[in-house]
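> My structure is stored as upload-v7.cif, with mmCIF, C-alpha atoms.
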```
data_upload
#
loop_
_atom_site.label_atom_id
_atom_site.label_comp_id
_atom_site.auth_asym_id
_atom_site.auth_seq_id
_atom_site.Cartn_x
_atom_site.Cartn_y
_atom_site.Cartn_z
CA MET G 104 9.37 17.30 97.56
CA LYS G 105 11.60 15.21 95.37
CA ARG G 106 10.46 13.61 92.17
CA ALA G 107 10.82 9.86 91.99
CA GLY G 108 14.39 8.91 91.21
CA GLN G 109 15.74 12.44 91.80
CA ARG G 110 18.95 12.52 93.86
CA ALA G 111 19.02 14.99 96.79
CA VAL G 112 21.91 17.43 96.97
CA VAL G 113 22.91 18.29 100.56
CA GLY G 114 23.84 21.83 101.46
CA THR G 115 23.07 23.47 98.13
CA GLU G 116 20.36 23.96 95.54
CA ALA G 117 19.91 21.45 92.79
CA PRO G 118 22.11 22.51 89.87
CA HIS G 119 20.40 23.98 86.79
CA THR G 120 20.53 21.59 83.82
CA SER G 121 20.34 23.27 80.41
CA GLN G 122 19.22 21.59 77.14
CA PRO G 123 21.99 20.46 74.81
CA SER G 124 22.93 23.13 72.29
CA LYS G 125 22.45 22.65 68.56
CA LYS G 126 26.12 21.80 68.28
CA GLN G 127 25.76 18.95 70.75
CA LYS G 128 24.35 15.48 70.31
CA THR G 129 23.11 13.24 73.15
CA ASN G 130 23.55 9.50 72.85
CA LEU G 131 21.17 6.93 74.30
CA GLY G 132 23.14 6.73 77.54
CA GLY G 133 22.85 10.45 78.17
CA SER G 134 26.43 11.45 77.30
CA VAL G 135 26.92 14.67 75.38
CA PHE G 136 29.45 15.05 72.52
CA SER G 137 30.09 17.97 70.22
CA ASP G 138 30.42 17.38 66.47
CA SER G 139 34.06 18.39 66.63
CA ALA G 140 34.72 15.93 69.46
CA LEU G 141 33.03 13.16 67.49
CA CYS G 142 35.10 13.87 64.38
CA SER G 143 38.32 14.10 66.35
CA SER G 144 37.60 10.75 67.96
CA MET G 145 37.45 9.01 64.57
CA ASP G 146 40.62 7.83 62.89
CA TRP G 147 39.77 8.35 59.21
CA GLY G 148 43.12 6.91 58.23
CA SER G 149 42.23 3.54 59.73
CA LEU G 150 39.18 2.93 57.53
CA PRO G 151 39.46 -0.31 55.53
CA HIS G 152 40.85 0.01 52.01
CA HIS G 153 37.63 -1.20 50.40
CA VAL G 154 35.61 1.52 52.19
CA ILE G 155 37.96 4.31 51.10
CA LEU G 156 38.01 2.87 47.59
CA ARG G 157 34.22 2.98 47.44
CA VAL G 158 34.22 6.63 48.55
CA PHE G 159 36.87 7.54 45.97
CA GLN G 160 34.78 6.01 43.18
CA PHE G 161 32.08 8.64 43.76
CA LEU G 162 34.50 11.58 43.59
CA THR G 163 35.42 13.65 40.59
CA LEU G 164 39.02 13.36 39.47
CA VAL G 165 39.96 16.70 41.05
CA ASP G 166 38.39 15.79 44.40
CA ARG G 167 39.94 12.34 44.19
CA ALA G 168 43.38 13.88 43.75
CA ARG G 169 42.81 16.25 46.68
CA ALA G 170 41.63 13.42 48.92
CA SER G 171 44.77 11.44 48.10
CA SER G 172 46.84 14.05 49.93
CA VAL G 173 44.97 13.59 53.24
CA CYS G 174 47.24 10.81 54.48
CA ARG G 175 49.53 8.00 53.33
CA ARG G 176 46.74 5.40 53.50
CA TRP G 177 44.42 7.44 51.30
CA ASN G 178 47.25 8.01 48.85
CA GLU G 179 47.76 4.24 48.65
CA VAL G 180 44.09 3.78 47.76
CA PHE G 181 44.41 6.52 45.12
CA HIS G 182 46.84 4.24 43.24
CA ILE G 183 44.88 0.97 43.54
CA PRO G 184 44.26 -0.34 39.98
CA ASP G 185 40.56 -1.00 40.69
CA LEU G 186 40.03 2.75 41.04
CA TRP G 187 41.22 3.35 37.49
CA ARG G 188 39.39 0.65 35.54
CA ARG G 189 36.49 3.00 34.71
CA PHE G 190 37.10 6.62 33.76
CA GLU G 191 35.44 9.46 31.83
CA PHE G 192 37.61 12.20 30.37
CA GLU G 193 35.75 15.52 30.09
CA LEU G 194 37.22 17.94 27.58
CA SER G 195 35.87 21.43 26.95
CA GLN G 196 36.79 25.00 26.19
CA PRO G 197 35.92 27.34 29.12
CA ALA G 198 34.56 30.08 26.86
CA THR G 199 32.07 27.87 25.03
CA SER G 200 31.00 25.09 27.39
CA TYR G 201 29.37 24.37 30.74
CA LEU G 202 31.43 21.17 31.13
CA LYS G 203 34.14 21.16 33.74
CA SER G 204 37.17 19.96 31.85
CA THR G 205 39.55 17.38 33.30
CA HIS G 206 42.80 19.17 34.14
CA PRO G 207 45.62 18.41 31.64
CA ASP G 208 48.13 17.65 34.43
CA LEU G 209 45.79 15.05 35.90
CA ILE G 210 45.23 13.52 32.47
CA GLN G 211 48.98 13.11 32.04
CA GLN G 212 49.23 11.55 35.48
CA ILE G 213 46.55 9.03 34.55
CA ILE G 214 48.27 8.17 31.28
CA LYS G 215 51.65 7.82 32.97
CA ARG G 216 50.56 5.73 35.95
CA HIS G 217 47.24 4.10 35.09
CA ALA G 218 46.96 3.58 31.33
CA ASP G 219 47.45 -0.16 31.76
CA HIS G 220 44.58 -0.25 34.30
CA LEU G 221 41.97 1.52 32.17
CA GLN G 222 39.24 -0.81 30.93
CA TYR G 223 36.03 1.24 30.64
CA VAL G 224 36.85 4.59 29.06
CA SER G 225 34.70 7.35 27.62
CA PHE G 226 35.47 10.81 26.27
CA LYS G 227 32.85 13.54 26.71
CA VAL G 228 33.58 16.61 24.59
CA ASP G 229 31.80 19.88 23.93
CA SER G 230 31.08 21.38 20.51
CA SER G 231 34.59 22.72 19.89
CA THR G 232 37.01 21.10 17.46
CA GLU G 233 39.85 21.71 19.94
CA SER G 234 38.20 19.42 22.51
CA ALA G 235 37.71 16.64 19.98
CA GLU G 236 41.34 16.94 18.85
CA ALA G 237 42.47 16.81 22.49
CA ALA G 238 40.50 13.57 22.92
CA CYS G 239 42.29 12.12 19.89
CA ASP G 240 45.64 13.15 21.34
CA ILE G 241 44.85 11.28 24.56
CA LEU G 242 43.72 8.20 22.63
CA SER G 243 47.05 8.25 20.78
CA GLN G 244 48.89 7.92 24.11
CA LEU G 245 46.99 4.86 25.35
CA VAL G 246 49.63 2.43 24.14
CA ASN G 247 49.86 0.18 27.21
CA CYS G 248 46.13 -0.26 27.62
CA SER G 249 43.67 -3.14 27.74
CA ILE G 250 40.42 -1.24 27.13
CA LYS G 251 37.20 -3.25 27.00
CA THR G 252 34.68 -0.42 26.53
CA LEU G 253 35.29 2.77 24.53
CA GLY G 254 32.80 5.61 24.12
CA LEU G 255 33.15 8.93 22.29
CA ILE G 256 30.39 11.33 23.30
CA SER G 257 29.62 14.74 21.81
CA THR G 258 27.44 16.74 24.19
CA ALA G 259 26.34 19.24 21.54
CA LYS G 260 27.01 19.26 17.81
CA PRO G 261 29.26 16.37 16.68
CA SER G 262 32.67 17.99 17.10
CA PHE G 263 34.55 14.80 16.22
CA MET G 264 33.36 15.27 12.63
CA ASN G 265 35.57 18.38 12.42
CA VAL G 266 38.73 16.42 13.20
CA SER G 267 40.72 15.31 10.18
CA LYS G 268 39.98 11.72 9.20
CA ALA G 269 43.69 10.87 9.30
CA HIS G 270 44.11 12.20 12.86
CA PHE G 271 41.01 10.40 14.10
CA ALA G 272 41.89 7.10 12.40
CA SER G 273 45.45 7.23 13.73
CA ALA G 274 44.20 7.73 17.31
CA LEU G 275 41.68 4.89 17.07
CA THR G 276 44.29 2.58 15.54
CA VAL G 277 46.43 2.91 18.68
CA VAL G 278 43.56 1.67 20.84
CA PHE G 279 42.36 -0.98 18.38
CA VAL G 280 45.83 -2.49 17.99
CA ASN G 281 46.97 -2.36 21.61
CA SER G 282 43.80 -3.31 23.47
CA LYS G 283 42.99 -6.64 21.77
CA SER G 284 40.03 -7.16 24.13
CA LEU G 285 37.51 -4.54 23.05
CA SER G 286 33.95 -5.73 23.62
CA SER G 287 31.86 -2.54 23.46
CA ILE G 288 32.41 0.47 21.19
CA LYS G 289 30.13 3.51 20.91
CA ILE G 290 31.45 6.02 18.41
CA ASP G 291 28.49 7.83 16.84
CA ASP G 292 28.95 10.98 14.73
CA THR G 293 32.64 10.42 13.99
CA PRO G 294 34.86 10.16 10.87
CA LEU G 295 35.28 6.41 11.42
CA ASP G 296 36.10 4.69 8.10
CA ASP G 297 36.38 1.20 6.61
CA PRO G 298 40.18 0.81 7.10
CA SER G 299 39.72 1.58 10.82
CA LEU G 300 37.03 -1.09 11.05
CA LYS G 301 39.38 -3.60 9.43
CA VAL G 302 42.02 -2.82 12.06
CA LEU G 303 39.39 -3.25 14.77
CA VAL G 304 38.33 -6.63 13.39
CA ALA G 305 41.89 -7.86 12.89
CA ASN G 306 42.72 -7.31 16.56
CA ASN G 307 39.42 -7.77 18.41
CA SER G 308 37.26 -10.13 16.37
CA ASP G 309 37.01 -12.67 19.20
CA THR G 310 35.86 -10.17 21.85
CA LEU G 311 33.68 -7.56 20.09
CA LYS G 312 30.04 -7.81 21.21
CA LEU G 313 28.60 -4.29 20.77
CA LEU G 314 29.29 -1.82 17.96
CA LYS G 315 27.34 1.45 17.87
CA MET G 316 28.34 3.69 14.98
CA SER G 317 25.37 5.70 13.78
CA SER G 318 26.06 8.77 11.63
CA CYS G 319 29.50 7.70 10.47
CA PRO G 320 29.40 8.79 6.81
CA HIS G 321 32.81 7.34 5.88
CA VAL G 322 31.72 3.78 6.71
CA SER G 323 30.38 1.84 3.74
CA PRO G 324 28.30 -1.37 3.59
CA ALA G 325 31.55 -3.20 2.77
CA GLY G 326 33.06 -2.03 6.05
CA ILE G 327 30.21 -3.28 8.18
CA LEU G 328 30.12 -6.53 6.20
CA CYS G 329 33.73 -7.06 7.27
CA VAL G 330 32.59 -6.79 10.89
CA ALA G 331 29.61 -9.08 10.34
CA ASP G 332 31.73 -11.72 8.62
CA GLN G 333 34.49 -11.93 11.22
CA CYS G 334 33.07 -10.86 14.61
CA HIS G 335 31.11 -14.00 15.38
CA GLY G 336 30.35 -12.95 18.96
CA LEU G 337 28.59 -9.73 17.90
CA LYS G 338 25.41 -9.25 19.95
CA GLU G 339 24.44 -5.61 19.41
CA LEU G 340 24.81 -3.45 16.31
CA ALA G 341 23.69 0.14 15.71
CA LEU G 342 24.04 1.85 12.33
CA ASN G 343 22.41 4.18 9.84
CA TYR G 344 19.85 2.87 7.37
CA TYR G 345 22.04 3.76 4.39
CA ILE G 346 24.44 0.98 5.46
CA LEU G 347 21.68 -1.58 5.89
CA SER G 348 21.29 -3.92 2.93
CA ASP G 349 19.91 -7.32 2.00
CA GLU G 350 23.49 -8.56 1.79
CA LEU G 351 24.26 -7.42 5.34
CA LEU G 352 21.13 -9.01 6.79
CA LEU G 353 21.96 -12.28 5.06
CA ALA G 354 25.52 -12.10 6.42
CA LEU G 355 24.15 -11.61 9.94
CA SER G 356 21.90 -14.62 9.32
CA SER G 357 24.61 -17.08 8.33
CA GLU G 358 25.12 -20.19 10.43
CA LYS G 359 28.54 -19.19 11.72
CA HIS G 360 27.16 -16.16 13.55
CA VAL G 361 26.09 -16.07 17.19
CA ASP G 362 22.50 -14.86 17.52
CA LEU G 363 22.21 -11.08 17.25
CA GLU G 364 20.24 -9.68 20.20
CA HIS G 365 19.82 -6.00 19.25
CA LEU G 366 19.88 -4.27 15.88
CA ARG G 367 19.31 -0.51 16.00
CA ILE G 368 18.73 1.39 12.76
CA ASP G 369 18.61 5.20 12.51
CA VAL G 370 16.66 6.49 9.50
CA VAL G 371 17.49 10.19 9.26
CA SER G 372 16.97 12.92 6.69
CA GLU G 373 17.84 16.57 7.19
CA ASN G 374 16.58 17.87 3.83
CA PRO G 375 13.40 16.43 2.29
CA GLY G 376 13.93 14.96 -1.14
CA GLN G 377 17.73 14.89 -0.85
CA VAL G 378 17.98 11.19 0.03
CA GLU G 379 16.31 8.34 -1.83
CA PHE G 380 15.78 5.47 0.58
CA HIS G 381 16.08 1.89 -0.64
CA ALA G 382 13.78 -0.98 0.30
CA ILE G 383 14.83 -4.10 2.18
CA LYS G 384 13.33 -7.36 0.93
CA LYS G 385 11.03 -9.35 3.17
CA GLN G 386 13.13 -12.47 2.54
CA SER G 387 16.18 -10.76 4.07
CA TRP G 388 14.27 -9.76 7.22
CA ASP G 389 12.85 -13.27 7.47
CA ALA G 390 16.32 -14.80 7.26
CA LEU G 391 17.54 -12.66 10.15
CA VAL G 392 14.58 -13.58 12.37
CA ARG G 393 14.89 -17.28 11.56
CA HIS G 394 18.54 -17.18 12.58
CA SER G 395 17.97 -14.91 15.63
CA PRO G 396 14.32 -15.36 16.63
CA LYS G 397 14.62 -13.19 19.75
CA VAL G 398 16.39 -10.25 18.08
CA ASN G 399 15.14 -6.76 18.96
CA ILE G 400 15.00 -4.60 15.83
CA VAL G 401 14.83 -0.95 16.84
CA MET G 402 14.16 1.77 14.26
CA TYR G 403 14.37 5.52 14.87
CA PHE G 404 12.75 7.61 12.13
CA PHE G 405 13.47 11.30 11.54
CA LEU G 406 11.95 11.68 8.07
CA TYR G 407 9.51 13.94 6.31
CA GLU G 408 6.18 12.48 5.27
CA GLU G 409 7.00 12.12 1.58
CA GLU G 410 10.12 10.05 2.42
CA PHE G 411 8.26 7.15 4.08
CA ASP G 412 7.07 5.60 0.84
CA VAL G 413 9.38 2.53 0.83
CA PHE G 414 8.81 1.60 4.48
CA PHE G 415 6.34 -0.98 5.84
CA ARG G 416 4.92 -1.92 2.43
CA GLU G 417 5.68 -5.53 3.36
CA GLU G 418 5.90 -7.36 6.65
CA THR G 419 8.79 -5.97 8.71
CA PRO G 420 9.94 -7.67 11.95
CA VAL G 421 10.62 -4.39 13.79
CA THR G 422 10.06 -4.57 17.57
CA HIS G 423 10.58 -0.94 18.65
CA LEU G 424 9.47 2.04 16.54
CA TYR G 425 10.15 5.71 17.28
CA PHE G 426 8.85 8.46 14.98
CA GLY G 427 10.56 11.76 15.77
CA ARG G 428 8.61 13.77 13.19
CA ALA G 429 4.99 13.80 12.07
CA VAL G 430 3.71 10.66 10.34
CA SER G 431 0.50 10.14 8.39
CA LYS G 432 -2.51 8.00 9.26
CA ALA G 433 -1.73 5.89 6.21
CA LEU G 434 1.77 5.03 7.45
CA LEU G 435 0.50 4.09 10.90
CA GLY G 436 -2.07 1.91 9.17
CA ARG G 437 0.76 0.10 7.37
CA VAL G 438 2.55 -0.33 10.71
CA GLY G 439 -0.56 -2.00 12.12
CA MET G 440 -0.81 -4.32 9.12
CA ASN G 441 2.86 -5.25 8.65
CA CYS G 442 4.64 -5.12 12.05
CA PRO G 443 3.33 -8.17 13.99
CA ARG G 444 6.43 -8.29 16.27
CA LEU G 445 5.95 -4.70 17.50
CA VAL G 446 6.65 -4.27 21.23
CA GLU G 447 6.93 -0.47 21.58
CA LEU G 448 5.56 2.42 19.52
CA VAL G 449 6.24 6.13 20.07
CA VAL G 450 4.66 8.72 17.78
CA CYS G 451 5.81 12.32 18.14
CA ALA G 452 3.03 13.79 15.96
CA ASN G 453 0.68 12.92 13.13
CA GLY G 454 -0.93 16.14 11.93
CA LEU G 455 -3.91 16.13 14.32
CA GLN G 456 -6.03 13.54 12.54
CA PRO G 457 -7.89 11.09 14.84
CA LEU G 458 -6.04 7.77 15.01
CA ASP G 459 -8.82 5.57 16.39
CA ASP G 460 -8.87 3.04 13.54
CA GLU G 461 -5.06 2.86 13.33
CA LEU G 462 -4.64 2.22 17.07
CA ILE G 463 -7.33 -0.45 17.09
CA GLN G 464 -5.65 -2.12 14.11
CA ILE G 465 -2.30 -2.05 15.95
CA ALA G 466 -3.90 -3.54 19.08
CA ARG G 467 -5.51 -6.29 17.00
CA ARG G 468 -2.45 -7.27 14.98
CA CYS G 469 0.49 -6.51 17.31
CA LYS G 470 -0.02 -9.09 20.05
CA ASN G 471 3.33 -8.30 21.72
CA LEU G 472 2.73 -4.56 22.15
CA THR G 473 3.57 -3.51 25.72
CA ALA G 474 4.50 0.19 25.41
CA MET G 475 2.82 3.13 23.66
CA GLY G 476 3.54 6.86 23.61
CA LEU G 477 1.64 9.57 21.73
CA GLY G 478 2.66 13.22 21.42
CA GLU G 479 0.90 15.76 19.19
CA CYS G 480 -1.86 13.43 17.99
CA GLU G 481 -5.61 13.10 18.39
CA VAL G 482 -7.61 10.09 19.60
CA THR G 483 -11.25 10.04 20.73
CA CYS G 484 -11.82 8.80 24.25
CA ARG G 485 -14.04 6.03 22.87
CA GLY G 486 -11.33 4.87 20.44
CA PHE G 487 -8.65 5.03 23.12
CA VAL G 488 -10.67 2.91 25.53
CA GLU G 489 -11.24 0.34 22.79
CA PHE G 490 -7.49 0.23 22.10
CA VAL G 491 -6.66 -0.28 25.79
CA LYS G 492 -9.39 -2.89 26.16
CA MET G 493 -7.90 -4.96 23.32
CA CYS G 494 -4.34 -4.69 24.71
CA GLY G 495 -5.34 -5.22 28.32
CA GLY G 496 -2.84 -5.59 31.14
CA ARG G 497 0.10 -6.28 28.82
CA LEU G 498 0.45 -2.49 28.32
CA THR G 499 3.09 -1.88 30.96
CA GLN G 500 3.91 1.62 29.66
CA LEU G 501 1.24 4.00 28.39
CA SER G 502 2.22 7.66 28.02
CA ILE G 503 -0.50 9.82 26.47
CA MET G 504 -0.75 13.60 26.81
CA GLU G 505 -4.13 14.80 28.07
CA GLU G 506 -4.34 17.14 25.06
CA VAL G 507 -4.33 14.10 22.75
CA LEU G 508 -7.64 12.75 24.05
CA ILE G 509 -10.91 14.11 22.62
CA PRO G 510 -13.90 13.76 24.97
CA ASP G 511 -17.06 12.33 23.37
CA SER G 512 -20.60 11.32 24.31
CA ASP G 513 -19.35 8.08 25.91
CA TYR G 514 -16.41 9.29 27.99
CA SER G 515 -15.30 12.45 29.72
CA LEU G 516 -11.67 12.72 30.77
CA ASP G 517 -12.64 11.97 34.38
CA ARG G 518 -14.46 8.80 33.43
CA LEU G 519 -11.76 7.87 30.93
CA HIS G 520 -9.02 7.37 33.52
CA LEU G 521 -11.26 5.06 35.56
CA GLU G 522 -12.15 2.95 32.54
CA VAL G 523 -8.56 2.72 31.32
CA SER G 524 -7.33 1.89 34.83
CA LYS G 525 -9.83 -0.95 35.00
CA HIS G 526 -8.57 -2.57 31.80
CA LEU G 527 -4.88 -2.03 32.65
CA GLY G 528 -5.30 -3.47 36.14
CA ARG G 529 -3.60 -0.46 37.73
CA MET G 530 -4.24 3.23 38.33
CA TRP G 531 -3.61 5.33 35.22
CA PHE G 532 -3.86 9.03 34.39
CA PRO G 533 -2.99 10.88 31.17
CA ASP G 534 0.19 12.96 31.25
CA MET G 535 -0.12 16.69 31.87
CA MET G 536 1.54 19.35 29.75
CA PRO G 537 4.40 20.99 31.71
CA THR G 538 3.64 24.56 32.75
CA TRP G 539 7.14 26.05 32.59
#
```
As structure tokens, how would this structure be written, given the file I've shared?


Amino acid sequence: MKRAGQRAVVGTEAPHTSQPSKKQKTNLGGSVFSDSALCSSMDWGSLPHHVILRVFQFLTLVDRARASSVCRRWNEVFHIPDLWRRFEFELSQPATSYLKSTHPDLIQQIIKRHADHLQYVSFKVDSSTESAEAACDILSQLVNCSIKTLGLISTAKPSFMNVSKAHFASALTVVFVNSKSLSSIKIDDTPLDDPSLKVLVANNSDTLKLLKMSSCPHVSPAGILCVADQCHGLKELALNYYILSDELLLALSSEKHVDLEHLRIDVVSENPGQVEFHAIKKQSWDALVRHSPKVNIVMYFFLYEEEFDVFFREETPVTHLYFGRAVSKALLGRVGMNCPRLVELVVCANGLQPLDDELIQIARRCKNLTAMGLGECEVTCRGFVEFVKMCGGRLTQLSIMEEVLIPDSDYSLDRLHLEVSKHLGRMWFPDMMPTW
């Protein structure tokens, strides 16, 4: 008896039909193709240029070079200028680094054929002086370039600091003089100096918008004042606290300047008592905020407790505060009293003293606070709930380790998350300590 729709075969048994093998794929019409047949039916060389270009942009330089030898069309895409506008040179010594270094022959090919296409360039180096010197050598060859963004990145200890100041300055001068359209520069932990900044300003004052140069010990307040006075389009500035001064803030507040959007300040001390930190006057901060009312002032602190004395004694318009080392209850109390513009606060540790009163003071005074993170601290569950209740739904980021919270007669940890979730308007749980 035949099934419905089954075709009868006269004079022989119905043929046995096996299931497609794992190497076969069946389309909706019932046809069967092998993977190899499918690949052979595609003409990879006929893909549109923009599709091949997009694929190439995801490849490493070595794989990109290999792909360029597949066919003439792919080789044409390999030389399209758009492919070479953004590039990261990786430089490392095989014996001391996990980085896969860009091959020297490929670097020379880029310099020879694509230097005038490069616009967004970064150098990632390992901890060896040789890698940093190699980066400087490449910079020295970028004569026919029009770079807009330049970044020098040390993946471990700052190896650029071991390069001679003359060698480093000479390499930067080549880029600063020839580009004439630099808008973003990130060169932390380097021997950058005042004369180099003057060359930068002389050739790129109309285009520079971002300058990030923390931990550059050869730069003086006079050098950064030169930038502030002449780069009227400056939007973002990052520097060490030792460069910050009342004079600089007043320069950034003058009428001829475009409003500064981000000011990042790193306050760092490696040896307690070795650095005496100066105070910035309230009038200078006020002038900056009057001129740029929406400016984000970000401060990263890596100090020892006895070095905080000059900070937050008066009102300070900081918006983002990060404490990388332990801070006292007294300092956090001053933050609550004198930082009304605070948006984000991250405290690494405070010596395991309950911070209930300090957090409540911060919630009461800092009406713009939207993000909070606490590390090795202590807060009672009752105090924490009161803090969240006062902040309410504006707390979009709340990262608290479970070990920070001290259960009390009012709240267990299980009840705490329900109460906090209610006031935040979303589900919330404390963070768990990793178990690795």

> Residues at most 10 Å from Asp185 (chain G), counting only C-alpha atoms, excluding those fewer than 4 positions away in the same chain, as a list in words?

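Neighbouring residues, sequence-local ones excluded: Leu156, Gln160, Val180, Phe181, Arg189, His220, Leu221 and Gln222 of chain G.
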
> With C-alpha atoms retained, export the selected residues as a short mmCIF file (atom, residue, chain, number, x, y, z; two decimals), keeping the file's coordinate frame.


```cif
data_model
loop_
_atom_site.label_atom_id
_atom_site.label_comp_id
_atom_site.auth_asym_id
_atom_site.auth_seq_id
_atom_site.Cartn_x
_atom_site.Cartn_y
_atom_site.Cartn_z
CA LEU G 156 38.01 2.87 47.59
CA GLN G 160 34.78 6.01 43.18
CA VAL G 180 44.09 3.78 47.76
CA PHE G 181 44.41 6.52 45.12
CA ARG G 189 36.49 3.00 34.71
CA HIS G 220 44.58 -0.25 34.30
CA LEU G 221 41.97 1.52 32.17
CA GLN G 222 39.24 -0.81 30.93
#
```

> I want to know what sits within 10 Å of region 257-265 of chain G, based on all atoms listed in the file, with residues of the same chain fewer than 2 positions away left out; could you give that as a PyMOL selection string?

chain G and resi 200+202+226-236+238-239+254-255+267-268+271+290-295+318-320

> Can you work out which one of G:Ala331, G:Leu508, G:Leu458, G:Ile250 has the shortest atom-to-atom distance to Lys359 (chain G), counting all atoms listed in the file?

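For Lys359 (chain G), the nearest of the given residues is G:Ala331.
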
> Using the chain letters and numbers from the file, give me the residues hit by the PyMOL selection byres ((chain G and resi 439) around 7), as a PyMOL selection string.

chain G and resi 435-438+440-442+461+464-465+468-469

> For this structure, which residues satisfy the selection - the PyMOL selection byres ((chain G and resi 418-420) around 9) - when it is evaluated on the file as given? I want them as a PyMOL selection string.

chain G and resi 385+388-389+392+399-400+414-417+421-422+438+440-445

> Suppose we keep C-alpha atoms; can you now write the selection as a PDB file, in the frame of the given file?


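The new file part.pdb reads:
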```
ATOM      1  CA  LYS G 385      11.030  -9.350   3.170  1.00  0.00           C
ATOM      2  CA  TRP G 388      14.270  -9.760   7.220  1.00  0.00           C
ATOM      3  CA  ASP G 389      12.850 -13.270   7.470  1.00  0.00           C
ATOM      4  CA  VAL G 392      14.580 -13.580  12.370  1.00  0.00           C
ATOM      5  CA  ASN G 399      15.140  -6.760  18.960  1.00  0.00           C
ATOM      6  CA  ILE G 400      15.000  -4.600  15.830  1.00  0.00           C
ATOM      7  CA  PHE G 414       8.810   1.600   4.480  1.00  0.00           C
ATOM      8  CA  PHE G 415       6.340  -0.980   5.840  1.00  0.00           C
ATOM      9  CA  ARG G 416       4.920  -1.920   2.430  1.00  0.00           C
ATOM     10  CA  GLU G 417       5.680  -5.530   3.360  1.00  0.00           C
ATOM     11  CA  VAL G 421      10.620  -4.390  13.790  1.00  0.00           C
ATOM     12  CA  THR G 422      10.060  -4.570  17.570  1.00  0.00           C
ATOM     13  CA  VAL G 438       2.550  -0.330  10.710  1.00  0.00           C
ATOM     14  CA  MET G 440      -0.810  -4.320   9.120  1.00  0.00           C
ATOM     15  CA  ASN G 441       2.860  -5.250   8.650  1.00  0.00           C
ATOM     16  CA  CYS G 442       4.640  -5.120  12.050  1.00  0.00           C
ATOM     17  CA  PRO G 443       3.330  -8.170  13.990  1.00  0.00           C
ATOM     18  CA  ARG G 444       6.430  -8.290  16.270  1.00  0.00           C
ATOM     19  CA  LEU G 445       5.950  -4.700  17.500  1.00  0.00           C
TER      20      LEU G 445
END
```

> Using all atoms listed in the file, which protein or nucleic acid residues come within 8 Å of region 513-522 of chain G? Drop anything in the same chain fewer than 5 positions from it, and give the result as a PyMOL selection string.

chain G and resi 484-485+488+508+530-533

> With all atoms listed in the file as the atoms that count, which of G:Leu527, G:Cys480, G:Ala218, G:Leu314 lies nearest to Pro457 (chain G)?

G:Cys480

> Between CA of Glu191 (chain G) and CA of Val246 (chain G), what is the spacing in Å?

17.6 Å

> Determine, counting only C-alpha atoms, which protein, DNA and RNA residues have an atom within 7 Å of an atom of Ala466 (chain G); residues of the same chain fewer than 4 positions away are not included. Present the result as a ChimeraX atom specification.

/G:462,470,490,493-494

> Mind listing as a ChimeraX atom specification all residues within 6 Å of (49.2, 1.8, 22.3), counting only C-alpha atoms?

/G:245-247,277-278,281

> Using only C-alpha atoms, determine which residues lie at most 8 Å from Ser348 (chain G), disregarding the query and same-chain residues fewer than 3 positions distant; provide the list as an MDAnalysis selection string.

chainID G and resid 324 345 351:352 383
